[in-house]
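Notes for the one structure printed next.
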Amino acid sequence: MAPSRKAPVGLAPGEEALIAVLLADSFNQRFRPITLERPKVLLPLVGVPLLDYTLEWLASNNVAEVHVICCAHAEQVKQHLEAAGWLQERASLTVKVIVSTTCKSAGEALREIDVKDMIKSDFVLVSGDVVSNMDLGSAVRAHRARREKNKNALMTMVMKAGTTPAQRRRLGDHSLLVAMEPHTKRLLRYDEVEAGKPLPTQAIIDAHFWGETDAVEIRTDLADTYIYICAPEVLMLFSDNFDFQNVRKDFVTGVLSEEELGQQLHVHELHREYAACVLNARSYDAISRDVLQRWTFPFVPDTNLLPIGGASGSSNFGLGRQFKYKEHSVKLGRKARIGHSTCIGAGTVIDDGAEVAQSVIGRNCHIGKDAVVVGSYLLEGVRIHNGAQVSHSLLCDGVVVKEDATVCPGSILSFKVVVGQGQVIEPLTSLSMCRQLQQSASLSDDELEYAMAVTASPPSEAAVGRSPEASGPGAADQAAAAVSDGDIGEDGGQYNASVVGPDGAGHQWLPHDVDPYGLAAAAARFSIAPPPPGPPSREDDLSEEDESTAAAAEEAAQDAAAADPETSFKREVAETFLRCVHDGFDQDLAVIELNGLKIAEHRDFADCARYILTTMLTLCLPAAPRAKAEYRSLFADTAPDTATPAGKTELLTRLQQLLKTWAPLLQKFLRSEDDQVDLLLTLEEFCGEEGVFEGTGEQGGLFSAVFAKVLQLLYDADVIEEDAFFKWADEKAHAEAEDRVFLAKAADFIKWLREAEEEEESDDEDDEDNDED
């Protein structure tokens with residue numbers, strides 16, 4: 001489980017109050033066709049509108065005043081703020097709404113703020129789709145300290161450090177090449193590398209930099225969080241430069257290109273804290289997973305800090321094993337299967353035989369018998385009929401997927417779309433009740449949401465049996481409201497019947513982006529579908545075909561691991577430990593290697609111990625399919641037949657030999673009783689092939705047959721002490737029946753431990769009595 005994070009604290013009492021400017025418009029079309037009918041900032045992420053994550057984070061940091069500037073769909077944003085209580089008087093936070101429907105870029109919105117002359121001091125500039133738990137206080141104090149010394153220090157850009165290319169692909173964001181002074185963190189160069197493209201192998205640094213500093217730090221591991229601490233002069237610069245439309249592309253590069261003016265930008269690095277922006281469907285998926293796995297604590301479902309929606313009231317989520325969250329009124333069939341990293345909203349019904357895993361299910365949904373939903377996001381009121389399958393897709397309010405239909409990975413189904421019986425929605429398909437009229441080769445997904453209004457029309461009058469009063473998003477919403485489950489009117493054939501089926505409803509939308517790797521590649525890089533491999537690196541361009549194939553497979557495996565931070569960390573610990581075994585490292589060197597990984601990944605000692613143990617267990621079995629070729633010789637050649645006594649003995653003997661060598665290493669990473677309990681919980685998941693061990697091919701289930709004997713070996717090797725076993729057993733005693741499976745397997749061992757402890761205590765009492773005599 002990801003470590004818990006501290007709640008933000010922000011500025012201390014007595015410090016100058018902080019003002020924030022929040023952009024409630026992304027000024028792009030990455031979420032079309034959804035954003036025709038609802039602004040992106042109101043799109044629910046794990047059940048909570050994105051805007052509420054940003055506002056609650058600002059409030060938790062003691063921000064005094066937030067100016068929310070609304071452009072597209074301004075009325076919807078205002079209505080939500082009112083319904084959610086943000087516009088009511090609060091003790092710590094005042095929210096003011098600024099409506100400017102003429103603004104078509106972030107630059108125009110900031111010029112509007114400047115014209116109103118409302119900002120007189122330093123302020124936080126943030127997008128309304130940022131999810132963070134960072135403490136703003138340290139960044140603001142550093143910014144203000146620089147400003148006291150140098151009034152030309154205009155902006156501090158908050159960046160997340162330690163990101164890898166695979167992690168950036170996971171978020172669907174540009175890679176950055178950043179040059180800065182290592183001590184002052186003054187930004188000297190800022191280059192964006194288009195998402196999916198390899199980073200350059202060299203950087204050219206202007207000679208004049210060396211006249212100002214003795215060293216220049218070149219970084220490619222930084223990711224922009226879209227959080228900026230700004231001086232009020234930033235607004236004036238936008239007003240003075242009407243070609244500044246975008247903060248990153250125009251303002252930052254513009255200021256850096258005019259060094260002679262003396263204006264400076266700085267970087268504030270985040271390490272343990274979380275901050276990310278929902279840029280596209282890819283990052284929507286990645287950040288949702290981070291929320292489910294608690295990287296955003298305290299902004300996670302079971303703390304129930306965030307409103308589910310304006311009029312929907314508060315939530316009542318509880319947390320179960322393997323990151324399973326459920327509200328109280330969820331109804332599950334007795335044979336329904338709920339996998340890890342899943343969140344289910346109130347009023348949802350999941351019938352017998354249905355399977356839901358790694359998904360967020362909104363309120364009042366219905367998933368029919370034997371239906372399968374994997375890696376997907378169902379908003380409110382979605383209906384998945386019997387036998388239907390939905391994989392790695394986003395389904396908006398009121399979507400219906402009829403019997404035995406299939407929605408393939410990367411699909412987006414906008415409001416009230418109906419997928420007909422038995423129909424297959426191909427991968428990377430976008431559907432809407434609004435029709436896409438024209439396709440402009442010059443129109444890009446990064447251009448304005450307003451441009452899309454020209455290319456959209458609501459469904460025809462005949463198709464829905466009513467006459468929309470006007471064109472545009474509002475009419476599309478009215479027209480779509482007429483479409484119920486299968487009730488699409490006599491002329492339903494005007495929909496894309498070849499796509500949604502003769503009894504379906506919806507129009508297909510085609511992507512605008514052009515990508516050198518192909519149109520499909522462009523769509524895939526920003527979709528909810530599992531991340532595709534990145535372009536081959538220079539090292540992969542080898543003459544031997546098998547080496548090239550192996551390199552590509554390795555990169556694909558890294559991307560798959562990066563889709564889940566816990567999977568990624570498990571992989572890193574395993575490979576580090578295997579390298580220590582393969583190279584015959586002294587255990588002191590192994591500790592240094594693993595401790596370095598712990599520090600780099602900002603994890604705890606126990607986190608390393610959990611995956612050291614499971615890697616040792618895998619060494620008792622044949623190598624998993626994804627194991628690196630260089631380490632395959634370390635694994636056993638065959639898997640013992642644990643259905644026989646001889647097979648069980650053989651498996652335990654292999655583990656015993658490994659523990660003789662590596663138990664001292666485990667002991668060094670288990671610092672407390674709680675650490676040992678965590679190790680036991682991970683051992684359960686490994687033996688049950690659950691969580692991060694599901695579908696890995698590591699065959700952890702073979703250890704299920706000898707679970708109690710494994711506990712005995714860990715006890716004999718002084719890896720886990722008696723009190724940790726007792727604490728684990730006591731916690732498990734009150735769990736649901738499905739969570740007590742391994743406790744039952746260990747019952748005799750736990751009983752033996754308790755009896756041995758009682759005998760020891762009795763002997764100690766007898767010894768004391770004899771001493772007194």
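The way I read the labels, and the way they are meant: chains A, B, ... in the order of the structure tokens, residue 1 as the first residue of every chain, and ligand 1 as the first ligand shown, with later ones counted on from there.
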Sel. of strand (DSSP E or B) residues, stretch 219-313 of chain A, as an mmCIF file with N, CA and C atoms, in the first residue's frame:
```
data_model
loop_
_atom_site.group_PDB
_atom_site.id
_atom_site.type_symbol
_atom_site.label_atom_id
_atom_site.label_comp_id
_atom_site.auth_asym_id
_atom_site.auth_seq_id
_atom_site.Cartn_x
_atom_site.Cartn_y
_atom_site.Cartn_z
ATOM 1 N N ARG A 219 18.215 19.053 -16.462
ATOM 2 C CA ARG A 219 17.287 18.072 -15.898
ATOM 3 C C ARG A 219 16.283 17.604 -16.956
ATOM 4 N N ALA A 223 8.503 17.301 -14.155
ATOM 5 C CA ALA A 223 7.188 17.389 -14.793
ATOM 6 C C ALA A 223 6.471 18.619 -14.249
ATOM 7 N N ASP A 224 5.890 19.410 -15.139
ATOM 8 C CA ASP A 224 5.161 20.608 -14.723
ATOM 9 C C ASP A 224 3.865 20.194 -14.040
ATOM 10 N N THR A 225 3.547 20.837 -12.908
ATOM 11 C CA THR A 225 2.318 20.525 -12.175
ATOM 12 C C THR A 225 1.200 21.514 -12.476
ATOM 13 N N TYR A 226 1.490 22.555 -13.249
ATOM 14 C CA TYR A 226 0.528 23.613 -13.581
ATOM 15 C C TYR A 226 0.118 24.405 -12.336
ATOM 16 N N ILE A 227 1.054 24.469 -11.388
ATOM 17 C CA ILE A 227 0.892 25.315 -10.200
ATOM 18 C C ILE A 227 2.016 26.337 -10.233
ATOM 19 N N TYR A 228 1.668 27.618 -10.210
ATOM 20 C CA TYR A 228 2.662 28.683 -10.324
ATOM 21 C C TYR A 228 2.431 29.725 -9.229
ATOM 22 N N ILE A 229 3.515 30.115 -8.552
ATOM 23 C CA ILE A 229 3.468 31.212 -7.591
ATOM 24 C C ILE A 229 3.935 32.459 -8.337
ATOM 25 N N CYS A 230 3.071 33.453 -8.443
ATOM 26 C CA CYS A 230 3.338 34.580 -9.339
ATOM 27 C C CYS A 230 3.373 35.915 -8.593
ATOM 28 N N GLN A 264 13.269 37.039 -13.929
ATOM 29 C CA GLN A 264 13.720 35.693 -13.573
ATOM 30 C C GLN A 264 12.538 34.791 -13.199
ATOM 31 N N LEU A 265 12.684 33.521 -13.551
ATOM 32 C CA LEU A 265 11.761 32.480 -13.148
ATOM 33 C C LEU A 265 12.527 31.440 -12.342
ATOM 34 N N HIS A 266 11.872 30.828 -11.387
ATOM 35 C CA HIS A 266 12.525 29.830 -10.548
ATOM 36 C C HIS A 266 11.687 28.562 -10.486
ATOM 37 N N VAL A 267 12.313 27.506 -9.987
ATOM 38 C CA VAL A 267 11.659 26.195 -9.892
ATOM 39 C C VAL A 267 11.592 25.775 -8.428
ATOM 40 N N HIS A 268 10.437 25.265 -8.030
ATOM 41 C CA HIS A 268 10.277 24.630 -6.719
ATOM 42 C C HIS A 268 10.003 23.153 -6.964
ATOM 43 N N GLU A 269 10.860 22.289 -6.443
ATOM 44 C CA GLU A 269 10.739 20.856 -6.709
ATOM 45 C C GLU A 269 9.897 20.158 -5.643
ATOM 46 N N LEU A 270 9.018 19.274 -6.113
ATOM 47 C CA LEU A 270 8.265 18.387 -5.227
ATOM 48 C C LEU A 270 8.910 17.007 -5.248
ATOM 49 N N ALA A 275 1.284 16.143 -7.019
ATOM 50 C CA ALA A 275 0.638 17.193 -7.805
ATOM 51 C C ALA A 275 0.642 16.757 -9.265
ATOM 52 N N ALA A 276 -0.510 16.810 -9.891
ATOM 53 C CA ALA A 276 -0.629 16.447 -11.306
ATOM 54 C C ALA A 276 -1.868 17.105 -11.875
ATOM 55 N N CYS A 277 -1.859 17.294 -13.181
ATOM 56 C CA CYS A 277 -2.953 17.963 -13.870
ATOM 57 C C CYS A 277 -3.609 16.992 -14.849
#
```
Using only C-alpha atoms, which residues sit within 9 Å of A:Phe605 once same-chain residues fewer than 5 positions away are excluded, as a PyMOL selection string?
chain A and resi 595+598+610+668-671+675
Could you write those residues out with C-alpha atoms, as a short mmCIF file (atom, residue, chain, number, x, y, z; two decimals), in the first residue's frame?
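Heads up, here's the output in result.cif:
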```
data_model
loop_
_atom_site.label_atom_id
_atom_site.label_comp_id
_atom_site.auth_asym_id
_atom_site.auth_seq_id
_atom_site.Cartn_x
_atom_site.Cartn_y
_atom_site.Cartn_z
CA ASN A 595 18.30 1.94 0.51
CA LYS A 598 14.01 3.58 -1.14
CA ARG A 610 7.68 -6.64 1.29
CA LYS A 668 17.45 -4.77 8.43
CA PHE A 669 14.40 -3.49 6.51
CA LEU A 670 11.83 -4.48 9.15
CA ARG A 671 12.08 -1.76 11.78
CA ASP A 675 6.40 -3.48 9.43
#
```
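With only C-alpha atoms as the atoms that count, the minimum distance from A:Phe299 to the choices A:Phe526, A:Tyr274, A:Phe123, A:Tyr631 is reached by A:Tyr274.
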Applying 9 Å and only C-alpha atoms, which residues near A:Glu217 remain after dropping the ones on its own chain fewer than 6 positions away? List them as a VMD selection string.
chain A and resid 178 to 182 185
Between atom CA of A:Met616 and atom CA of A:Ala724 lies a distance of 20.6 Å
I'd like to know which residues of stretch 205-429 of chain A are helix (DSSP H, G or I) (by DSSP, run on the backbone); could you write them as a PyMOL selection string?
chain A and resi 207-211+233-240+247-257+259-261+281-292+301-303+321-323
What separation in Å, quoted to one decimal, exists between atom CA of A:Glu108 and atom CA of A:Arg141?
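Answer for the atom CA of A:Glu108 to atom CA of A:Arg141 separation: 28.5 Å.
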Just want the 7 Å neighbourhood of stretch 320-331 of chain A, counted on only C-alpha atoms, with same-chain residues fewer than 2 positions away dropped. Output as an MDAnalysis selection string.
chainID A and resid 292:293 316:318 333 340:350 691
Mind giving me the straight-line distance from atom CA of A:Phe577 to atom CA of A:Arg272 in Å, one decimal?
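Atom-to-atom, atom CA of A:Phe577 and atom CA of A:Arg272 are spaced 23.4 Å apart.
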Using only C-alpha atoms, the best pick from A:Leu714, A:Ile367, A:Leu679, A:Thr567 as closest to A:Glu694 would be A:Thr567
Would you kindly return, as a list in words, each protein, DNA or RNA residue with an atom no farther than 7 Å from any atom of A:Gln389, considering only C-alpha atoms and excluding same-chain residues fewer than 6 positions away?
Ala371, Val372, Val373, Ala405, Thr406 and Val407 of chain A
Kindly save the residues from that selection, with N, CA and C atoms included, as a compact mmCIF listing (two decimals), in the first residue's frame.
```
# COMPACT_ATOMS: atom_id res chain seq x y z
N ALA A 371 -21.63 -9.60 -16.65
CA ALA A 371 -20.96 -8.48 -17.34
C ALA A 371 -19.56 -8.31 -16.76
N VAL A 372 -18.65 -7.72 -17.55
CA VAL A 372 -17.27 -7.50 -17.13
C VAL A 372 -16.91 -6.04 -17.37
N VAL A 373 -16.41 -5.39 -16.32
CA VAL A 373 -15.93 -4.00 -16.42
C VAL A 373 -14.52 -3.96 -15.85
N ALA A 405 -22.86 -6.78 -25.68
CA ALA A 405 -22.07 -5.79 -26.43
C ALA A 405 -20.68 -5.68 -25.82
N THR A 406 -19.74 -5.15 -26.59
CA THR A 406 -18.35 -5.00 -26.14
C THR A 406 -17.86 -3.59 -26.43
N VAL A 407 -17.30 -2.94 -25.42
CA VAL A 407 -16.66 -1.63 -25.58
C VAL A 407 -15.16 -1.84 -25.40
```
With a distance cut-off of 9 Å and only C-alpha atoms, select the neighbouring residues of stretch 743-757 of chain A, excluding the residue or stretch itself and same-chain residues fewer than 2 positions from it, and output the selection as a list in words.
Ser704, Ala705, Val706, Phe707, Ala708, Lys709, Leu711, Gln712, Glu722, Phe725, Phe726, Trp728, Ala729, Lys732, Ala733, Asp739, Arg740, Val741, Glu759, Glu760, Glu761 and Ser762 of chain A
